[in-house]
file entry-v2.cif (mmCIF, C-alpha atoms)
data_protein
loop_
_atom_site.group_PDB
_atom_site.id
_atom_site.type_symbol
_atom_site.label_atom_id
_atom_site.label_comp_id
_atom_site.auth_asym_id
_atom_site.auth_seq_id
_atom_site.Cartn_x
_atom_site.Cartn_y
_atom_site.Cartn_z
ATOM 1 C CA MET A 1 75.608 65.060 121.876
ATOM 2 C CA SER A 2 74.526 66.719 118.613
ATOM 3 C CA ARG A 3 76.925 68.998 116.760
ATOM 4 C CA GLU A 4 74.715 72.053 117.428
ATOM 5 C CA ARG A 5 74.657 71.336 121.148
ATOM 6 C CA THR A 6 78.407 70.742 121.235
ATOM 7 C CA LEU A 7 79.020 74.140 119.636
ATOM 8 C CA ARG A 8 76.617 75.931 121.972
ATOM 9 C CA GLN A 9 78.136 74.235 125.019
ATOM 10 C CA ALA A 10 81.674 75.169 123.918
ATOM 11 C CA LEU A 11 80.630 78.803 123.359
ATOM 12 C CA LEU A 12 79.095 79.066 126.814
ATOM 13 C CA ASP A 13 82.119 77.411 128.381
ATOM 14 C CA LEU A 14 84.458 79.901 126.691
ATOM 15 C CA LEU A 15 82.373 82.898 127.750
ATOM 16 C CA GLU A 16 82.183 81.643 131.313
ATOM 17 C CA ARG A 17 85.946 81.205 131.315
ATOM 18 C CA ALA A 18 86.364 84.821 130.114
ATOM 19 C CA GLU A 19 84.214 86.272 132.906
ATOM 20 C CA PRO A 20 84.073 89.066 134.046
ATOM 21 C CA HIS A 21 85.260 90.065 130.584
ATOM 22 C CA ALA A 22 83.517 89.750 127.248
ATOM 23 C CA LEU A 23 84.825 88.118 124.076
ATOM 24 C CA PRO A 24 84.700 89.909 120.707
ATOM 25 C CA GLU A 25 82.759 87.884 118.159
ATOM 26 C CA GLY A 26 85.780 87.203 115.921
ATOM 27 C CA GLN A 27 87.873 86.056 118.865
ATOM 28 C CA LEU A 28 85.041 83.854 120.101
ATOM 29 C CA HIS A 29 84.974 82.137 116.701
ATOM 30 C CA ILE A 30 88.751 81.569 116.747
ATOM 31 C CA GLU A 31 88.634 80.181 120.304
ATOM 32 C CA LEU A 32 85.716 77.917 119.395
ATOM 33 C CA ASN A 33 87.623 76.478 116.462
ATOM 34 C CA GLY A 34 90.563 75.734 118.727
ATOM 35 C CA ARG A 35 88.275 73.383 120.630
ATOM 36 C CA VAL A 36 85.944 71.694 118.160
ATOM 37 C CA ARG A 37 86.641 69.403 115.232
ATOM 38 C CA PRO A 38 85.815 69.968 112.456
ATOM 39 C CA PRO A 39 86.105 73.764 112.844
ATOM 40 C CA ALA A 40 82.819 75.656 112.746
ATOM 41 C CA GLY A 41 82.205 77.671 109.577
ATOM 42 C CA LEU A 42 80.773 81.177 109.748
ATOM 43 C CA ALA A 43 77.163 80.038 109.174
ATOM 44 C CA GLU A 44 77.380 77.359 111.864
ATOM 45 C CA PHE A 45 78.975 79.815 114.270
ATOM 46 C CA ASP A 46 76.334 82.484 113.558
ATOM 47 C CA ASP A 47 73.523 79.966 114.091
ATOM 48 C CA ALA A 48 74.930 78.957 117.480
ATOM 49 C CA VAL A 49 75.432 82.581 118.603
ATOM 50 C CA THR A 50 71.942 83.583 117.401
ATOM 51 C CA TYR A 51 70.373 80.610 119.211
ATOM 52 C CA LEU A 52 72.082 81.550 122.491
ATOM 53 C CA ALA A 53 71.419 85.296 122.117
ATOM 54 C CA THR A 54 67.703 84.994 121.276
ATOM 55 C CA ARG A 55 67.205 82.838 124.379
ATOM 56 C CA ARG A 56 69.289 85.304 126.440
ATOM 57 C CA TYR A 57 71.942 82.781 127.408
ATOM 58 C CA ILE A 58 74.477 85.332 126.148
ATOM 59 C CA ALA A 59 74.286 89.129 125.849
ATOM 60 C CA LEU A 60 76.141 91.933 124.134
ATOM 61 C CA LEU A 61 78.524 93.996 126.237
ATOM 62 C CA PRO A 62 76.646 97.285 126.672
ATOM 63 C CA ASP A 63 79.440 99.803 127.344
ATOM 64 C CA SER A 64 82.168 98.810 124.920
ATOM 65 C CA LEU A 65 84.834 101.358 123.920
ATOM 66 C CA ASP A 66 84.535 99.981 120.406
ATOM 67 C CA PRO A 67 80.841 99.816 119.462
ATOM 68 C CA GLU A 68 81.696 98.509 115.967
ATOM 69 C CA THR A 69 82.789 95.124 117.307
ATOM 70 C CA PRO A 70 80.140 93.028 119.057
ATOM 71 C CA GLN A 71 81.447 91.567 122.301
ATOM 72 C CA TRP A 72 79.601 88.754 124.055
ATOM 73 C CA LEU A 73 79.098 87.979 127.749
ATOM 74 C CA ILE A 74 77.511 84.931 129.373
ATOM 75 C CA THR A 75 74.301 85.629 131.348
ATOM 76 C CA GLU A 76 73.091 83.967 134.557
ATOM 77 C CA SER A 77 70.713 81.830 132.430
ATOM 78 C CA GLY A 78 73.676 80.789 130.295
ATOM 79 C CA LYS A 79 75.606 79.687 133.373
ATOM 80 C CA THR A 80 72.598 77.691 134.581
ATOM 81 C CA LEU A 81 72.273 76.016 131.173
ATOM 82 C CA LEU A 82 75.968 75.134 131.210
ATOM 83 C CA ARG A 83 75.545 73.248 134.477
ATOM 84 C CA LYS A 84 72.527 71.184 133.331
ATOM 85 C CA MET B 1 84.262 67.549 133.605
ATOM 86 C CA ARG B 2 86.260 64.581 132.281
ATOM 87 C CA LYS B 3 88.941 63.273 134.626
ATOM 88 C CA GLU B 4 92.507 63.793 133.447
ATOM 89 C CA ASN B 5 94.394 60.600 132.574
ATOM 90 C CA ALA B 6 97.200 60.021 135.092
ATOM 91 C CA ASN B 7 99.636 59.365 132.228
ATOM 92 C CA SER B 8 98.771 62.554 130.378
ATOM 93 C CA LEU B 9 101.398 65.211 129.960
ATOM 94 C CA TYR B 10 99.258 67.559 132.076
ATOM 95 C CA CYS B 11 99.446 65.191 135.077
ATOM 96 C CA ARG B 12 103.058 64.280 134.514
ATOM 97 C CA LEU B 13 104.106 67.927 134.559
ATOM 98 C CA ALA B 14 102.826 67.778 138.134
ATOM 99 C CA THR B 15 103.005 71.442 139.220
ATOM 100 C CA PRO B 16 101.382 74.657 137.974
ATOM 101 C CA GLU B 17 104.883 76.180 137.633
ATOM 102 C CA ASN B 18 106.004 73.416 135.260
ATOM 103 C CA ARG B 19 102.830 73.813 133.210
ATOM 104 C CA ASP B 20 103.293 77.602 133.107
ATOM 105 C CA CYS B 21 106.768 77.060 131.746
ATOM 106 C CA VAL B 22 105.449 74.812 128.938
ATOM 107 C CA PHE B 23 102.629 77.205 128.054
ATOM 108 C CA GLU B 24 105.081 80.099 127.915
ATOM 109 C CA TRP B 25 107.189 78.159 125.400
ATOM 110 C CA LEU B 26 104.071 77.571 123.341
ATOM 111 C CA TYR B 27 102.241 80.877 123.513
ATOM 112 C CA ILE B 28 104.887 83.478 124.292
ATOM 113 C CA GLU B 29 107.919 82.089 122.475
ATOM 114 C CA GLY B 30 105.795 80.413 119.790
ATOM 115 C CA ALA B 31 107.861 77.175 119.844
ATOM 116 C CA SER B 32 106.427 74.302 117.786
ATOM 117 C CA TYR B 33 104.857 71.243 119.457
ATOM 118 C CA ARG B 34 107.875 69.211 118.414
ATOM 119 C CA GLU B 35 110.346 71.715 119.897
ATOM 120 C CA VAL B 36 108.343 71.835 123.114
ATOM 121 C CA ALA B 37 108.358 68.024 123.361
ATOM 122 C CA GLU B 38 112.159 68.125 123.111
ATOM 123 C CA ARG B 39 112.448 70.869 125.730
ATOM 124 C CA ILE B 40 110.165 68.927 128.104
ATOM 125 C CA LYS B 41 112.415 65.902 127.770
ATOM 126 C CA GLU B 42 115.498 67.990 128.455
ATOM 127 C CA ARG B 43 114.116 70.079 131.331
ATOM 128 C CA PHE B 44 111.645 67.762 133.064
ATOM 129 C CA HIS B 45 112.926 64.358 131.903
ATOM 130 C CA ILE B 46 109.497 63.432 130.599
ATOM 131 C CA GLU B 47 109.514 61.658 127.276
ATOM 132 C CA MET B 48 106.383 62.428 125.282
ATOM 133 C CA ASP B 49 105.679 62.782 121.572
ATOM 134 C CA PHE B 50 104.515 66.067 120.037
ATOM 135 C CA GLY B 51 100.945 64.705 119.905
ATOM 136 C CA SER B 52 100.890 64.843 123.706
ATOM 137 C CA VAL B 53 101.928 68.495 123.586
ATOM 138 C CA PHE B 54 99.152 69.150 121.056
ATOM 139 C CA ARG B 55 96.593 67.509 123.394
ATOM 140 C CA LEU B 56 97.892 69.518 126.350
ATOM 141 C CA ALA B 57 97.499 72.729 124.343
ATOM 142 C CA LYS B 58 94.058 71.789 123.029
ATOM 143 C CA ASN B 59 92.625 70.716 126.387
ATOM 144 C CA HIS B 60 94.322 73.188 128.738
ATOM 145 C CA GLY B 61 96.003 75.915 126.673
ATOM 146 C CA PHE B 62 92.923 78.107 126.357
ATOM 147 C CA LYS B 63 92.430 78.134 130.153
ATOM 148 C CA TRP B 64 96.012 79.315 130.594
ATOM 149 C CA ARG B 65 95.621 81.985 127.909
ATOM 150 C CA PHE B 66 92.410 83.239 129.490
ATOM 151 C CA GLU B 67 94.038 83.394 132.924
ATOM 152 C CA GLN B 68 97.016 85.333 131.527
ATOM 153 C CA ALA B 69 94.700 87.816 129.817
ATOM 154 C CA LYS B 70 92.643 88.269 133.004
ATOM 155 C CA GLU B 71 95.754 88.857 135.126
ATOM 156 C CA ARG B 72 97.037 91.488 132.690
ATOM 157 C CA ALA B 73 93.614 93.183 132.607
ATOM 158 C CA GLU B 74 93.519 93.305 136.411
ATOM 159 C CA ARG B 75 97.001 94.810 136.518
ATOM 160 C CA GLU B 76 95.958 97.379 133.911
ATOM 161 C CA ALA B 77 92.878 98.338 135.942
ATOM 162 C CA ALA B 78 94.933 98.594 139.143
ATOM 163 C CA SER B 79 97.503 100.852 137.484
ATOM 164 C CA LEU B 80 94.924 103.388 136.293
ATOM 165 C CA SER B 81 94.559 106.738 137.990
ATOM 166 C CA LYS B 82 91.939 107.021 140.728
ATOM 167 C CA SER B 83 90.363 109.847 138.747
ATOM 168 C CA PHE B 84 89.016 107.321 136.219
ATOM 169 C CA ASP B 85 85.436 106.290 136.923
ATOM 170 C CA LYS B 86 84.500 102.636 137.439
ATOM 171 C CA ASP B 87 82.954 102.176 133.967
ATOM 172 C CA ARG B 88 85.974 103.664 132.214
ATOM 173 C CA LYS B 89 88.330 101.435 134.219
ATOM 174 C CA ARG B 90 86.241 98.387 133.352
ATOM 175 C CA ALA B 91 86.217 99.299 129.662
ATOM 176 C CA LEU B 92 90.014 99.754 129.590
ATOM 177 C CA ALA B 93 90.548 96.467 131.446
ATOM 178 C CA GLN B 94 88.266 94.789 128.887
ATOM 179 C CA ARG B 95 90.360 96.221 126.059
ATOM 180 C CA GLU B 96 93.585 94.950 127.674
ATOM 181 C CA PHE B 97 92.012 91.493 128.198
ATOM 182 C CA VAL B 98 91.082 91.256 124.521
ATOM 183 C CA ALA B 99 94.469 92.531 123.312
ATOM 184 C CA VAL B 100 96.416 89.951 125.359
ATOM 185 C CA LEU B 101 94.075 87.113 124.424
ATOM 186 C CA GLU B 102 94.271 87.958 120.721
ATOM 187 C CA ASP B 103 98.055 88.055 120.812
ATOM 188 C CA LEU B 104 98.301 84.651 122.511
ATOM 189 C CA SER B 105 95.631 83.167 120.250
ATOM 190 C CA PHE B 106 97.401 84.103 117.020
ATOM 191 C CA LYS B 107 100.260 81.891 118.153
ATOM 192 C CA GLU B 108 97.773 79.086 118.857
ATOM 193 C CA VAL B 109 96.450 79.323 115.295
ATOM 194 C CA LEU B 110 99.979 79.238 113.913
ATOM 195 C CA LEU B 111 100.855 76.242 116.088
ATOM 196 C CA ALA B 112 97.831 74.305 114.858
ATOM 197 C CA GLN B 113 98.750 75.026 111.247
ATOM 198 C CA ARG B 114 102.352 74.030 111.928
ATOM 199 C CA LEU B 115 101.124 70.681 113.291
ATOM 200 C CA GLU B 116 99.070 70.090 110.160
ATOM 201 C CA LEU B 117 102.158 70.838 108.112
ATOM 202 C CA ASP B 118 104.287 68.438 110.161
ATOM 203 C CA ARG B 119 101.708 65.706 109.623
ATOM 204 C CA GLU B 120 101.811 66.197 105.874
ATOM 205 C CA LYS B 121 105.607 66.160 105.915
ATOM 206 C CA LEU B 122 105.509 62.896 107.827
ATOM 207 C CA LYS B 123 103.331 61.421 105.105
ATOM 208 C CA LEU B 124 105.903 62.465 102.536
ATOM 209 C CA GLN B 125 108.685 60.840 104.510
ATOM 210 C CA LYS B 126 106.783 57.572 104.506
ATOM 211 C CA LYS B 127 107.285 57.393 100.753
ATOM 212 C CA LEU B 128 103.756 57.436 99.535
ATOM 213 C CA GLU B 129 102.981 56.062 96.111
ATOM 214 C CA PRO B 130 103.759 58.622 93.347
ATOM 215 C CA ARG B 131 100.269 60.094 92.853
ATOM 216 C CA LYS B 132 99.605 60.434 96.577
ATOM 217 C CA TYR B 133 103.107 61.841 96.948
ATOM 218 C CA GLU B 134 102.316 64.602 94.447
ATOM 219 C CA LEU B 135 99.040 65.456 96.171
ATOM 220 C CA ALA B 136 100.655 65.528 99.604
ATOM 221 C CA LYS B 137 103.518 67.657 98.301
ATOM 222 C CA ARG B 138 101.069 70.160 96.830
ATOM 223 C CA LYS B 139 99.237 70.287 100.159
ATOM 224 C CA VAL B 140 102.516 70.930 101.998
ATOM 225 C CA ASP B 141 103.389 73.757 99.596
ATOM 226 C CA LEU B 142 99.929 75.252 100.056
ATOM 227 C CA LEU B 143 100.136 75.066 103.836
ATOM 228 C CA GLU B 144 103.654 76.515 103.845
ATOM 229 C CA GLY B 145 102.275 79.484 101.891
ATOM 230 C CA LYS B 146 99.325 79.919 104.262
ATOM 231 C CA LEU B 147 101.579 79.716 107.290
ATOM 232 C CA ALA B 148 103.956 82.332 105.890
ATOM 233 C CA SER B 149 101.024 84.668 105.118
ATOM 234 C CA ALA B 150 99.563 84.098 108.594
ATOM 235 C CA LYS B 151 102.875 84.864 110.301
ATOM 236 C CA GLU B 152 103.186 87.999 108.215
ATOM 237 C CA ALA B 153 99.669 89.127 109.144
ATOM 238 C CA ALA B 154 100.090 88.283 112.846
ATOM 239 C CA THR B 155 103.236 90.359 113.158
ATOM 240 C CA ASP B 156 102.238 93.238 110.868
ATOM 241 C CA PRO B 157 102.146 96.363 113.086
ATOM 242 C CA ALA B 158 100.149 98.216 110.436
ATOM 243 C CA LEU B 159 97.119 95.929 110.902
ATOM 244 C CA SER B 160 94.550 96.400 113.656
ATOM 245 C CA SER B 161 93.353 93.400 115.727
ATOM 246 C CA GLU B 162 90.181 93.179 113.636
ATOM 247 C CA GLU B 163 92.154 93.275 110.404
ATOM 248 C CA LYS B 164 94.488 90.560 111.714
ATOM 249 C CA GLN B 165 91.501 88.395 112.618
ATOM 250 C CA GLN B 166 89.951 88.994 109.214
ATOM 251 C CA ARG B 167 93.237 88.069 107.491
ATOM 252 C CA MET B 168 93.497 84.868 109.570
ATOM 253 C CA ARG B 169 89.944 83.907 108.627
ATOM 254 C CA GLU B 170 90.645 84.547 104.954
ATOM 255 C CA ILE B 171 93.945 82.641 104.999
ATOM 256 C CA PHE B 172 92.556 79.573 106.764
ATOM 257 C CA GLY B 173 89.223 79.580 104.947
ATOM 258 C CA LEU B 174 87.016 80.492 107.887
ATOM 259 C CA ALA B 175 85.499 83.530 106.191
#
call {"tool": "encode", "arguments": {"input": "entry-v2.cif", "output": "structure tokens"}}
result
Amino acid sequence: MSRERTLRQALLDLLERAEPHALPEGQLHIELNGRVRPPAGLAEFDDAVTYLATRRYIALLPDSLDPETPQWLITESGKTLLRK
Amino acid sequence: MRKENANSLYCRLATPENRDCVFEWLYIEGASYREVAERIKERFHIEMDFGSVFRLAKNHGFKWRFEQAKERAEREAASLSKSFDKDRKRALAQREFVAVLEDLSFKEVLLAQRLELDREKLKLQKKLEPRKYELAKRKVDLLEGKLASAKEAATDPALSSEEKQQRMREIFGLA
């Protein structure tokens, strides 16, 4: 599996594990780096999140108490992708 | 999902209660992998090296941390007054989930750095040739400094969760 795919898969797995809750972006990065070697840098992490968000595999939590911090949720499409 | 090796520490701990006990040592008490390996030997009579504890934490620790955070969030939601609307309850439960997860994760970051430090110390003990010895010693000093700064940041009550995360990223070069 390519590095990009490994990162995307790990992100989806983490967000599915967090359900029904969302993960703040910073926390998602920390959790990801606890699972992948070598750790993902900020650019690599951003690329993976952008890829998943633009294809609607993940979505921003709409009613956060703290609108300054983006918090991510897995979508139904994301769950389907995870099982492929 | 990959099948767990029957000789792994996860399988040998056998019950969820035993695993909970080990994860509490790791993520609530903040014991090092080496300390936990010693406690496992004493309490469960299972002899494993600290590498096995590291693998247990890496492969299963996050699931345990997520479950803990979810349980706390559910309890928080259940304890809220009935006058709170559904959205407000959900938002407060979300906040509790994140707070618990962040707290447990800081310890995970510290544990991983402690392992790296232990590895470097081991190299020193193996009497490396002088130049390599110097390099390894410098790395140990650097990591000791990072670890001290990280502990300070993680326990600083004046810092918000975001500021703690930012400090961690700066300290460990993830920024």
call {"tool": "resolve_selection", "arguments": {"input": "entry-v2.cif", "expression": "the PyMOL selection byres ((chain B) within 10 of (chain A))", "output": "ChimeraX atom specification"}}
result
/B:57-59,61-63,65-67,69-70,73,87-88,90-95,97-98,101-102,105-106,108-109,112,161-162,165-166,168-169,173-175
call {"tool": "atom_distance", "arguments": {"input": "entry-v2.cif", "atom1": "atom CA of B:Leu147", "atom2": "atom CA of B:Tyr27"}}
result
16.3 Å
call {"tool": "resolve_selection", "arguments": {"input": "entry-v2.cif", "expression": "the PyMOL selection byres ((chain B and resi 47) around 12)", "output": "list in words"}}
result
Asn7, Ser8, Leu9, Arg12, Leu13, Arg34, Val36, Ala37, Glu38, Arg39, Ile40, Lys41, Glu42, Arg43, Phe44, His45, Ile46, Met48, Asp49, Phe50, Gly51, Ser52 and Val53 of chain B
call {"tool": "write_last_selection", "arguments": {"input": "entry-v2.cif", "atoms": "C-alpha atoms", "output": "PDB file, keeping the file's coordinate frame"}}
result
ATOM      1  CA  ASN B   7      99.636  59.365 132.228  1.00  0.00           C
ATOM      2  CA  SER B   8      98.771  62.554 130.378  1.00  0.00           C
ATOM      3  CA  LEU B   9     101.398  65.211 129.960  1.00  0.00           C
ATOM      4  CA  ARG B  12     103.058  64.280 134.514  1.00  0.00           C
ATOM      5  CA  LEU B  13     104.106  67.927 134.559  1.00  0.00           C
ATOM      6  CA  ARG B  34     107.875  69.211 118.414  1.00  0.00           C
ATOM      7  CA  VAL B  36     108.343  71.835 123.114  1.00  0.00           C
ATOM      8  CA  ALA B  37     108.358  68.024 123.361  1.00  0.00           C
ATOM      9  CA  GLU B  38     112.159  68.125 123.111  1.00  0.00           C
ATOM     10  CA  ARG B  39     112.448  70.869 125.730  1.00  0.00           C
ATOM     11  CA  ILE B  40     110.165  68.927 128.104  1.00  0.00           C
ATOM     12  CA  LYS B  41     112.415  65.902 127.770  1.00  0.00           C
ATOM     13  CA  GLU B  42     115.498  67.990 128.455  1.00  0.00           C
ATOM     14  CA  ARG B  43     114.116  70.079 131.331  1.00  0.00           C
ATOM     15  CA  PHE B  44     111.645  67.762 133.064  1.00  0.00           C
ATOM     16  CA  HIS B  45     112.926  64.358 131.903  1.00  0.00           C
ATOM     17  CA  ILE B  46     109.497  63.432 130.599  1.00  0.00           C
ATOM     18  CA  MET B  48     106.383  62.428 125.282  1.00  0.00           C
ATOM     19  CA  ASP B  49     105.679  62.782 121.572  1.00  0.00           C
ATOM     20  CA  PHE B  50     104.515  66.067 120.037  1.00  0.00           C
ATOM     21  CA  GLY B  51     100.945  64.705 119.905  1.00  0.00           C
ATOM     22  CA  SER B  52     100.890  64.843 123.706  1.00  0.00           C
ATOM     23  CA  VAL B  53     101.928  68.495 123.586  1.00  0.00           C
TER      24      VAL B  53
END
call {"tool": "closest_residue", "arguments": {"input": "entry-v2.cif", "among": "A:Leu7, A:Val49, A:Leu28, A:Leu12", "to": "A:Thr80", "atoms": "all atoms listed in the file"}}
result
A:Leu12
call {"tool": "atom_distance", "arguments": {"input": "entry-v2.cif", "atom1": "atom CA of B:Asn18", "atom2": "atom CA of A:Leu15"}}
result
26.5 Å
